[in-house]
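Chemist: What follows is the file start32.cif, containing mmCIF, C-alpha atoms:
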data_query
loop_
_atom_site.label_atom_id
_atom_site.label_comp_id
_atom_site.auth_asym_id
_atom_site.auth_seq_id
_atom_site.Cartn_x
_atom_site.Cartn_y
_atom_site.Cartn_z
CA MET A 274 4.32 -0.68 -5.10
CA THR A 275 2.77 2.04 -7.18
CA ALA A 276 0.61 4.78 -5.66
CA GLN A 277 -2.94 3.44 -5.69
CA VAL A 278 -6.02 4.95 -7.26
CA ALA A 279 -8.29 6.42 -4.57
CA GLU A 280 -11.86 5.48 -3.76
CA ARG A 281 -14.40 8.32 -4.15
CA LEU A 282 -16.50 9.82 -1.37
CA ILE A 283 -19.56 11.99 -1.88
CA TYR A 284 -20.04 14.12 1.20
CA GLY A 285 -22.53 16.97 1.06
CA ASP A 286 -22.35 18.35 -2.46
CA LYS A 287 -18.70 17.43 -2.97
CA GLU A 288 -16.97 14.37 -4.35
CA ILE A 289 -13.56 13.91 -2.79
CA PRO A 290 -10.84 11.25 -2.94
CA LEU A 291 -10.85 8.63 -0.22
CA PHE A 292 -7.64 6.94 0.93
CA THR A 293 -9.35 4.06 2.78
CA ASN A 294 -10.89 0.89 1.37
CA PRO A 295 -14.05 0.19 3.43
CA LEU A 296 -15.03 -2.62 1.06
CA ALA A 297 -11.85 -4.62 1.79
CA LEU A 298 -13.23 -6.29 4.93
CA TYR A 299 -16.49 -7.26 3.20
CA LEU A 300 -14.60 -8.79 0.26
CA LYS A 301 -12.24 -10.69 2.55
CA GLN A 302 -15.14 -12.09 4.59
CA THR A 303 -17.10 -13.23 1.57
CA GLY A 304 -14.10 -14.53 -0.36
CA ILE A 305 -14.62 -12.20 -3.33
CA SER A 306 -11.58 -10.95 -5.20
CA PHE A 307 -11.07 -8.94 -8.37
CA GLU A 308 -8.45 -8.79 -11.06
CA SER A 309 -5.98 -5.92 -11.03
CA PRO A 310 -6.32 -4.05 -14.33
CA TYR A 311 -3.14 -1.98 -13.88
CA THR A 312 -0.43 -1.43 -11.27
CA ALA A 313 -2.14 1.64 -9.78
CA ASN A 314 -5.16 -0.51 -8.90
CA TRP A 315 -3.95 -3.71 -7.24
CA ARG A 316 -7.29 -4.23 -5.46
CA GLY A 317 -9.09 -4.44 -8.82
CA TYR A 318 -11.96 -2.08 -8.08
CA VAL A 319 -12.87 1.53 -7.37
CA GLY A 320 -15.84 2.21 -5.14
CA THR A 321 -17.89 5.37 -4.80
CA TRP A 322 -19.16 6.02 -1.29
CA GLN A 323 -21.65 8.47 0.07
CA ILE A 324 -22.44 9.70 3.55
CA ILE A 325 -26.21 10.05 3.74
CA GLU A 326 -27.97 11.73 6.63
CA ASN A 327 -31.32 10.46 7.89
CA ALA A 328 -33.06 11.72 11.04
CA GLY A 329 -29.83 13.35 12.22
CA ILE A 330 -27.73 10.20 11.79
CA GLU A 331 -25.15 10.02 9.04
CA ARG A 332 -24.39 6.61 7.54
CA LEU A 333 -21.87 5.32 5.03
CA TYR A 334 -23.18 3.77 1.82
CA LEU A 335 -21.50 2.24 -1.18
CA VAL A 336 -23.28 3.85 -4.14
CA GLY A 337 -21.10 2.87 -7.08
CA LEU A 338 -18.59 0.22 -8.01
CA LEU A 339 -16.38 -0.55 -10.97
CA ALA A 340 -14.72 -3.89 -10.37
CA ASN A 341 -12.64 -5.94 -12.77
CA LYS A 342 -13.85 -9.53 -12.81
CA SER A 343 -11.26 -10.00 -15.53
CA TYR A 344 -9.17 -7.57 -17.53
CA GLU A 345 -12.04 -7.12 -20.00
CA GLU A 346 -15.15 -7.74 -17.86
CA ILE A 347 -16.13 -4.94 -15.49
CA LEU A 348 -18.75 -5.50 -12.80
CA SER A 349 -21.01 -2.84 -11.31
CA LEU A 350 -22.54 -2.47 -7.86
CA SER A 351 -25.67 -4.42 -8.80
CA ASP A 352 -23.53 -7.33 -10.05
CA VAL A 353 -21.78 -7.66 -6.70
CA PHE A 354 -24.83 -6.76 -4.59
CA PRO A 355 -27.81 -7.95 -6.69
CA GLY A 356 -30.97 -5.94 -6.08
CA TYR A 357 -29.21 -3.00 -4.42
CA ASP A 358 -28.50 0.47 -5.81
CA LYS A 359 -26.91 1.45 -2.48
CA VAL A 360 -25.30 -0.71 0.17
CA PHE A 361 -25.14 0.27 3.84
CA ALA A 362 -21.56 -0.42 4.99
CA HIS A 363 -22.64 -1.68 8.44
CA TRP A 364 -19.43 -3.75 8.73
CA PHE A 365 -17.20 -0.69 8.71
CA SER A 366 -15.85 0.56 12.04
CA GLY A 367 -12.82 2.75 11.66
CA GLU A 368 -11.48 5.90 10.11
CA LEU A 369 -11.91 7.22 6.59
CA ARG A 370 -9.05 9.40 5.41
CA CYS A 371 -9.81 11.98 2.73
CA PRO A 372 -6.80 13.97 1.52
CA GLN A 373 -7.47 17.66 0.89
CA GLY A 374 -5.53 20.56 -0.58
CA ALA A 375 -2.18 20.53 -2.33
CA GLN A 376 0.01 17.48 -2.50
CA LEU A 377 3.03 18.15 -0.27
CA GLU A 378 4.89 14.96 -1.00
CA TYR A 379 4.37 12.23 -3.53
CA VAL A 380 5.17 8.70 -2.35
CA HIS A 381 5.20 5.95 -4.94
CA MET A 382 3.38 3.51 -2.68
CA GLY A 383 -0.24 2.84 -1.73
CA TYR A 384 -1.90 5.85 -0.13
CA ALA A 385 1.35 7.14 1.39
CA SER A 386 1.43 10.56 -0.33
CA THR A 387 1.00 13.58 1.97
CA TYR A 388 -1.50 16.37 1.34
CA GLU A 389 -2.06 19.68 3.10
CA TYR A 390 -5.00 18.35 5.11
CA ASP A 391 -6.63 15.04 5.87
CA LEU A 392 -10.31 14.95 6.62
CA LEU A 393 -10.66 12.07 9.10
CA ILE A 394 -14.14 10.64 9.58
CA ASN A 395 -14.77 7.94 12.19
CA PHE A 396 -17.51 5.37 11.88
CA LYS A 397 -18.95 2.76 14.21
CA GLN A 398 -20.75 -0.02 12.35
CA GLY A 399 -21.30 2.27 9.39
CA VAL A 400 -22.61 5.20 11.46
CA LEU A 401 -20.61 8.43 11.57
CA VAL A 402 -19.45 9.16 15.12
CA ASP A 403 -16.99 12.04 14.69
CA LYS A 404 -14.89 13.90 12.17
CA HIS A 405 -11.96 16.27 12.24
CA ALA A 406 -9.30 17.71 10.00
CA ARG A 407 -5.58 17.19 10.42
CA HIS A 408 -3.09 19.73 9.13
CA ASN A 409 -0.07 17.98 7.66
CA THR A 410 3.45 19.26 7.33
CA LEU A 411 6.37 17.64 5.65
CA PRO A 412 8.76 15.90 8.02
CA ASP A 413 11.92 17.96 8.52
CA ARG A 414 14.62 16.01 6.76
CA ASP A 415 17.49 18.39 7.68
CA LEU A 416 19.89 16.68 10.03
CA ASP A 417 20.03 18.02 13.54
CA PRO A 418 23.81 18.17 14.33
CA THR A 419 23.16 17.44 17.99
CA SER A 420 21.57 14.12 17.07
CA ILE A 421 24.83 12.92 15.52
CA PRO A 422 27.12 11.09 17.97
CA ALA A 423 30.11 13.24 18.93
CA PHE A 424 32.69 10.85 17.51
CA LEU A 425 31.08 11.13 14.06
CA ARG A 426 30.98 14.95 14.05
CA LYS A 427 33.65 16.79 12.09
CA GLN A 428 35.75 18.97 14.36
CA SER A 429 35.28 22.59 13.24
CA ASP A 430 37.75 24.18 15.55
CA MET B 267 28.30 -62.52 19.64
CA ILE B 268 32.09 -62.00 19.48
CA ASN B 269 32.49 -65.66 18.55
CA LEU B 270 29.98 -65.22 15.77
CA LEU B 271 31.86 -62.21 14.39
CA ASP B 272 35.17 -64.09 14.66
CA SER B 273 33.70 -67.01 12.75
CA LEU B 274 33.07 -64.70 9.77
CA HIS B 275 36.86 -64.37 9.26
CA LEU B 276 36.66 -60.85 7.79
CA SER B 277 39.65 -58.55 7.48
CA TRP B 278 39.54 -55.01 8.96
CA LYS B 279 39.17 -53.63 5.40
CA GLU B 280 36.06 -55.72 4.87
CA TRP B 281 34.68 -54.59 8.23
CA LEU B 282 35.36 -50.97 7.25
CA LEU B 283 33.57 -51.48 3.96
CA ILE B 284 30.55 -52.94 5.75
CA TYR B 285 30.56 -49.97 8.14
CA MET B 286 30.76 -47.48 5.26
CA THR B 287 28.02 -49.07 3.12
CA PRO B 288 25.16 -47.05 4.73
CA GLY B 289 27.43 -43.98 4.40
CA ILE B 290 27.66 -44.58 0.65
CA ALA B 291 23.86 -44.71 0.49
CA VAL B 292 23.53 -41.46 2.51
CA PHE B 293 26.17 -39.73 0.37
CA GLY B 294 24.51 -40.95 -2.86
CA TYR B 295 21.11 -39.74 -1.66
CA ASN B 296 22.45 -36.28 -0.80
CA LEU B 297 24.34 -36.04 -4.07
CA ALA B 298 21.12 -36.86 -5.97
CA LYS B 299 19.20 -34.33 -3.86
CA THR B 300 21.76 -31.59 -4.60
CA TYR B 301 21.61 -32.44 -8.32
CA LYS B 302 17.80 -32.26 -8.27
CA VAL B 303 17.74 -28.73 -6.78
CA ARG B 304 20.57 -27.41 -8.95
CA PRO B 305 19.91 -24.04 -10.68
CA SER B 306 18.09 -24.27 -14.02
CA GLU B 307 19.96 -23.77 -17.28
CA PHE B 308 18.49 -20.26 -17.48
CA ALA B 309 19.63 -19.39 -13.93
CA ARG B 310 23.07 -20.82 -14.64
CA ALA B 311 23.34 -18.68 -17.78
CA ILE B 312 22.47 -15.57 -15.75
CA LEU B 313 24.96 -16.51 -13.03
CA GLU B 314 27.60 -17.05 -15.68
CA ASN B 315 26.91 -13.58 -17.08
CA VAL B 316 27.14 -12.01 -13.64
CA ARG B 317 30.08 -13.94 -12.25
CA GLY B 318 31.85 -14.86 -15.45
CA LYS B 319 32.72 -18.36 -16.67
CA THR B 320 33.58 -21.01 -14.10
CA THR B 321 37.36 -21.25 -13.83
CA ILE B 322 39.33 -24.48 -13.51
CA LYS B 323 40.25 -23.36 -9.99
CA GLU B 324 36.56 -23.20 -9.02
CA VAL B 325 35.90 -26.63 -10.56
CA LEU B 326 38.81 -28.08 -8.57
CA GLU B 327 37.55 -26.36 -5.40
CA ASN B 328 34.12 -27.89 -5.95
CA ILE B 329 35.62 -31.36 -6.43
CA LEU B 330 37.65 -30.90 -3.24
CA VAL B 331 34.61 -29.76 -1.24
CA TYR B 332 32.43 -32.64 -2.47
CA SER B 333 35.23 -35.16 -1.84
CA PHE B 334 35.77 -33.87 1.69
CA ALA B 335 32.01 -33.93 2.37
CA GLY B 336 31.87 -37.47 0.95
CA VAL B 337 34.66 -38.71 3.24
CA CYS B 338 33.01 -37.03 6.26
CA ILE B 339 29.67 -38.71 5.48
CA LEU B 340 31.27 -42.11 4.81
CA ILE B 341 33.10 -42.05 8.15
CA GLY B 342 30.64 -40.16 10.31
CA TRP B 343 27.35 -41.25 8.77
CA PRO B 344 25.69 -42.17 12.11
CA ALA B 345 26.26 -38.61 13.40
CA PHE B 346 25.14 -37.25 10.03
CA LEU B 347 21.90 -39.30 10.22
CA VAL B 348 21.18 -37.99 13.73
CA TRP B 349 21.78 -34.39 12.57
CA TRP B 350 19.62 -35.03 9.51
CA PHE B 351 16.79 -36.42 11.63
CA ILE B 352 16.92 -33.44 14.03
CA THR B 353 16.98 -30.77 11.28
CA SER B 354 14.18 -32.41 9.28
CA LYS B 355 12.06 -32.54 12.43
CA GLN B 356 12.80 -28.84 13.12
CA GLU B 357 12.01 -27.89 9.51
CA ALA B 358 8.72 -29.81 9.63
CA THR B 359 7.75 -28.03 12.89
CA GLN B 360 8.65 -24.63 11.39
CA GLU B 361 6.63 -25.38 8.26
CA ILE B 362 3.57 -26.32 10.31
CA GLU B 363 3.97 -23.10 12.33
CA GLN B 364 4.38 -20.95 9.20
CA ASN B 365 1.39 -22.52 7.47
CA LYS B 366 -0.90 -21.97 10.45
CA PRO B 367 -3.60 -19.43 9.60
CA ARG B 368 -3.24 -16.20 11.51
CA PHE B 369 -6.40 -14.46 12.59
CA TYR B 370 -7.28 -10.96 13.75
CA CYS B 371 -8.68 -12.63 16.86
CA MET B 372 -6.23 -13.90 19.47
CA PRO B 373 -7.08 -15.87 22.65
CA GLN B 374 -7.01 -12.71 24.82
CA HIS B 375 -9.76 -11.14 22.67
CA LEU B 376 -12.32 -13.90 23.27
CA ILE B 377 -15.33 -12.82 25.31
CA GLN B 378 -17.88 -15.60 25.72
CA LYS B 379 -19.06 -18.90 24.35
CA LEU B 380 -22.49 -18.82 22.76
CA THR B 381 -24.79 -20.71 20.43
CA PRO B 382 -25.39 -19.67 16.80
CA MET B 383 -28.96 -18.71 17.77
CA GLU B 384 -27.71 -16.43 20.54
CA ALA B 385 -25.24 -14.87 18.11
CA GLU B 386 -27.96 -14.24 15.55
CA ALA B 387 -30.42 -12.77 18.06
CA SER B 388 -28.88 -9.29 18.03
CA SER B 389 -27.35 -9.43 14.57
CA TYR B 390 -30.07 -7.80 12.46
CA VAL B 391 -28.98 -4.46 10.99
CA ILE B 392 -31.37 -1.52 11.01
CA ASP B 393 -31.13 0.88 8.09
CA PRO B 394 -33.86 3.49 7.48
CA LEU B 395 -33.10 3.42 3.75
CA GLY B 396 -33.58 -0.36 3.67
CA LYS B 397 -30.25 -1.00 1.99
CA VAL B 398 -29.48 -4.11 4.06
CA PRO B 399 -31.02 -7.59 3.63
CA ASN B 400 -33.25 -8.67 6.50
CA LEU B 401 -30.93 -11.55 7.39
CA PRO B 402 -28.59 -12.20 10.30
CA PHE B 403 -25.54 -9.95 9.90
CA GLY B 404 -27.06 -8.20 6.86
CA HIS B 405 -24.71 -8.12 3.90
CA LEU B 406 -22.29 -10.40 5.77
CA ASN B 407 -24.83 -13.23 5.91
CA THR B 408 -22.89 -15.29 3.35
CA ALA B 409 -19.74 -15.06 5.47
CA TRP B 410 -21.76 -16.05 8.56
CA ALA B 411 -23.16 -19.07 6.69
CA ILE B 412 -19.59 -20.08 5.76
CA LEU B 413 -18.58 -20.03 9.44
CA LEU B 414 -21.68 -21.98 10.51
CA SER B 415 -21.09 -24.67 7.88
CA ASP B 416 -17.58 -25.01 9.28
CA LEU B 417 -18.86 -25.84 12.81
CA PHE B 418 -19.25 -29.55 12.12
CA ASP B 419 -17.21 -31.20 14.87
CA PRO B 420 -19.01 -31.80 18.21
CA LYS B 421 -15.97 -30.24 19.93
CA ASP B 422 -16.36 -26.97 17.96
CA GLU B 423 -17.36 -23.95 20.00
CA LEU B 424 -18.56 -20.53 18.91
CA TRP B 425 -17.06 -17.59 20.80
CA SER B 426 -17.58 -13.87 20.42
CA PHE B 427 -14.51 -11.65 20.35
CA HIS B 428 -13.69 -7.97 20.53
CA ILE B 429 -10.41 -6.27 19.61
CA PRO B 430 -10.28 -2.68 20.87
CA LYS B 431 -9.18 0.06 18.49
CA GLY B 432 -5.41 0.44 18.28
CA CYS B 433 -4.50 -3.12 19.39
CA ILE B 434 -1.70 -4.81 17.50
CA THR B 435 -3.13 -7.96 15.97
CA GLY B 436 -3.35 -10.17 12.90
CA LYS B 437 -0.81 -12.02 10.81
CA TYR B 438 1.21 -8.91 10.09
CA GLY B 439 0.87 -7.24 13.49
CA ASN B 440 -1.23 -4.34 12.19
CA THR B 441 -3.15 -1.82 14.24
CA TYR B 442 -6.63 -0.88 13.13
CA SER B 443 -8.36 2.51 13.24
CA GLY B 444 -11.55 1.11 14.74
CA ASP B 445 -12.86 -1.69 16.93
CA THR B 446 -12.90 -5.17 15.43
CA SER B 447 -15.59 -7.62 16.58
CA GLY B 448 -16.89 -10.96 15.46
CA PHE B 449 -17.12 -14.64 16.19
CA ALA B 450 -14.48 -17.34 16.26
CA LYS B 451 -14.58 -21.09 15.87
CA ILE B 452 -12.68 -22.72 18.71
CA ARG B 453 -11.69 -26.37 19.02
CA ASN B 454 -9.64 -27.64 21.97
CA GLY B 455 -8.79 -24.06 22.86
CA GLU B 456 -7.43 -23.27 19.40
CA ILE B 457 -8.84 -20.61 17.06
CA LEU B 458 -9.62 -22.32 13.75
CA ALA B 459 -11.79 -19.76 11.94
CA GLU B 460 -13.21 -16.30 12.44
CA PHE B 461 -16.04 -14.15 11.15
CA ILE B 462 -15.67 -10.40 11.51
CA THR B 463 -18.86 -8.40 11.91
CA GLU B 464 -17.20 -4.99 12.21
CA GLY B 465 -13.75 -3.70 11.46
CA SER B 466 -11.72 -1.62 9.06
#
For the file at hand, write its structure as structure tokens.
Modeler:
Amino acid sequence: MTAQVAERLIYGDKEIPLFTNPLALYLKQTGISFESPYTANWRGYVGTWQIIENAGIERLYLVGLLANKSYEEILSLSDVFPGYDKVFAHWFSGELRCPQGAQLEYVHMGYASTYEYDLLINFKQGVLVDKHARHNTLPDRDLDPTSIPAFLRKQSD
Amino acid sequence: MINLLDSLHLSWKEWLLIYMTPGIAVFGYNLAKTYKVRPSEFARAILENVRGKTTIKEVLENILVYSFAGVCILIGWPAFLVWWFITSKQEATQEIEQNKPRFYCMPQHLIQKLTPMEAEASSYVIDPLGKVPNLPFGHLNTAWAILLSDLFDPKDELWSFHIPKGCITGKYGNTYSGDTSGFAKIRNGEILAEFITEGS
């Protein structure tokens, strides 16, 4: 599976990539599906999300959508949610993962690539409850000789 | 009964032929079934490219195998029928099991039985920006309506469920980064449909 195109998240004055698909649950529940236009976009859409603060509470909104109804026909947010220029993602409870910094390792699958940092933002029914950053390092792929069973080790002396 | 059989005046060869007649039918049926599921011409061409042309030795081996299988079926067709019956029953059971829908919600996640009105009572979503329809379960109202329209049998029950964050659940045994809650349609203790109100 090819690495997948990220969603976009507007947080503060920045627009950053988002490696979570908060719309997936909504689409599954309502039986809506889109056409994949290319292998890096199997889900068939790219959403733009924004965290908007009101009276000290930050909420997650879907503010833009480009969804392939067919290979040629592209739907916008107002096509999928008629009458709305923003959609409060009240169904979303979970963690948003926003990769930050340099790419440490590219993985040709989904959102599996590793970046220097991940900004992790937790939501409960669309309301931000906490956030933190995680510093990533590449897994050490050098073999630890002590982890090899004795009978497989080459005798050095 | 013995007198009746004696009165037929049949030789042992004729008796053997009578015994083997169902075996011939079983063998013929299986031969036809094997022919029906044989690889397509395209697949055979690929196999020929990979393996090389079929040798005379392989053809003879095939004839030997089919002949041996034929003799086994002709002689032991009652045992073969029993085996056939058991395996087809097992396959049917496995197919039913595999085709069963798998839900996020499992019996241990069910909380309480309630009416649709009770479920809707606390379902309205408050958003200061007004970006949610004023309907039960907000943007998920369509999905809720789908579940309600599915509650048509008098035995159907509506239950709320909650799956705590990190639980292994669902068809593929995934864990989720947040709580998952919703309502399930239950009939005779079995989960038949679900509607998720929050999850990831």
Chemist: Anything within 7 Å of (-10.0, -7.8, -9.9): list those residues as a VMD selection string, counting all atoms listed in the file and sticking to the file's coordinates.
Modeler: chain A and resid 306 to 310 316 to 318 340 to 343
Chemist: Pull out every residue of chain A that has at least one atom within 10 Å of chain B, counting all atoms listed in the file, and report them as a compact mmCIF listing (two decimals) with C-alpha atoms, keeping the file's coordinate frame.
Modeler:
# COMPACT_ATOMS: atom_id res chain seq x y z
CA THR A 293 -9.35 4.06 2.78
CA ASN A 294 -10.89 0.89 1.37
CA PRO A 295 -14.05 0.19 3.43
CA LEU A 296 -15.03 -2.62 1.06
CA ALA A 297 -11.85 -4.62 1.79
CA LEU A 298 -13.23 -6.29 4.93
CA TYR A 299 -16.49 -7.26 3.20
CA LEU A 300 -14.60 -8.79 0.26
CA LYS A 301 -12.24 -10.69 2.55
CA GLN A 302 -15.14 -12.09 4.59
CA THR A 303 -17.10 -13.23 1.57
CA GLY A 304 -14.10 -14.53 -0.36
CA ILE A 325 -26.21 10.05 3.74
CA ASN A 327 -31.32 10.46 7.89
CA ALA A 328 -33.06 11.72 11.04
CA ARG A 332 -24.39 6.61 7.54
CA TYR A 334 -23.18 3.77 1.82
CA LEU A 335 -21.50 2.24 -1.18
CA PHE A 354 -24.83 -6.76 -4.59
CA GLY A 356 -30.97 -5.94 -6.08
CA TYR A 357 -29.21 -3.00 -4.42
CA ASP A 358 -28.50 0.47 -5.81
CA LYS A 359 -26.91 1.45 -2.48
CA VAL A 360 -25.30 -0.71 0.17
CA PHE A 361 -25.14 0.27 3.84
CA ALA A 362 -21.56 -0.42 4.99
CA HIS A 363 -22.64 -1.68 8.44
CA TRP A 364 -19.43 -3.75 8.73
CA PHE A 365 -17.20 -0.69 8.71
CA SER A 366 -15.85 0.56 12.04
CA GLY A 367 -12.82 2.75 11.66
CA GLU A 368 -11.48 5.90 10.11
CA LEU A 369 -11.91 7.22 6.59
CA ASN A 395 -14.77 7.94 12.19
CA PHE A 396 -17.51 5.37 11.88
CA LYS A 397 -18.95 2.76 14.21
CA GLN A 398 -20.75 -0.02 12.35
CA GLY A 399 -21.30 2.27 9.39
Chemist: Which residues fall under the PyMOL selection byres ((chain B and resi 379) around 10) in this file, as a PyMOL selection string?
Modeler: chain B and resi 376-378+380-382+384-385+423-427+449-452
Chemist: For Ala385 (chain A), please output as a count of residues only all residues within 12 Å (counting only C-alpha atoms; exclusion window: fewer than 2 positions along the same chain).
Modeler: 20
Chemist: If the PyMOL selection byres ((chain A and resi 281) around 10) is run on the structure shown, which residues does it catch, given as number ranges by chain?
Modeler: A: 278-280, 282-284, 288-294, 319-323, 335-338, 371
Chemist: Print the selection's residues with C-alpha atoms to a file, as an mmCIF file, in the frame of the given file.
Modeler:
data_model
loop_
_atom_site.group_PDB
_atom_site.id
_atom_site.type_symbol
_atom_site.label_atom_id
_atom_site.label_comp_id
_atom_site.auth_asym_id
_atom_site.auth_seq_id
_atom_site.Cartn_x
_atom_site.Cartn_y
_atom_site.Cartn_z
ATOM 1 C CA VAL A 278 -6.020 4.950 -7.260
ATOM 2 C CA ALA A 279 -8.290 6.420 -4.570
ATOM 3 C CA GLU A 280 -11.860 5.480 -3.760
ATOM 4 C CA LEU A 282 -16.500 9.820 -1.370
ATOM 5 C CA ILE A 283 -19.560 11.990 -1.880
ATOM 6 C CA TYR A 284 -20.040 14.120 1.200
ATOM 7 C CA GLU A 288 -16.970 14.370 -4.350
ATOM 8 C CA ILE A 289 -13.560 13.910 -2.790
ATOM 9 C CA PRO A 290 -10.840 11.250 -2.940
ATOM 10 C CA LEU A 291 -10.850 8.630 -0.220
ATOM 11 C CA PHE A 292 -7.640 6.940 0.930
ATOM 12 C CA THR A 293 -9.350 4.060 2.780
ATOM 13 C CA ASN A 294 -10.890 0.890 1.370
ATOM 14 C CA VAL A 319 -12.870 1.530 -7.370
ATOM 15 C CA GLY A 320 -15.840 2.210 -5.140
ATOM 16 C CA THR A 321 -17.890 5.370 -4.800
ATOM 17 C CA TRP A 322 -19.160 6.020 -1.290
ATOM 18 C CA GLN A 323 -21.650 8.470 0.070
ATOM 19 C CA LEU A 335 -21.500 2.240 -1.180
ATOM 20 C CA VAL A 336 -23.280 3.850 -4.140
ATOM 21 C CA GLY A 337 -21.100 2.870 -7.080
ATOM 22 C CA LEU A 338 -18.590 0.220 -8.010
ATOM 23 C CA CYS A 371 -9.810 11.980 2.730
#
Chemist: Would you mind listing what lies within 6 Å of region 400-408 of chain A as a list in words, with all atoms listed in the file counted and same-chain residues fewer than 5 positions away left out?
Modeler: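 The filter keeps Glu331, Arg332, Tyr390, Asp391, Leu392, Leu393, Ile394 and Asn395 of chain A.
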Chemist: What separation in Å, quoted to one decimal, exists between CA of Glu386 (chain B) and CA of Pro402 (chain B)?
Modeler: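 The value is 5.7 Å.
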Chemist: For Ala291 (chain B), which of B:Phe308, B:Trp343, B:Trp278, B:Trp350 is the closest residue, counting only C-alpha atoms?
Modeler: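 With only C-alpha atoms as the atom set, the closest residue is B:Trp343.
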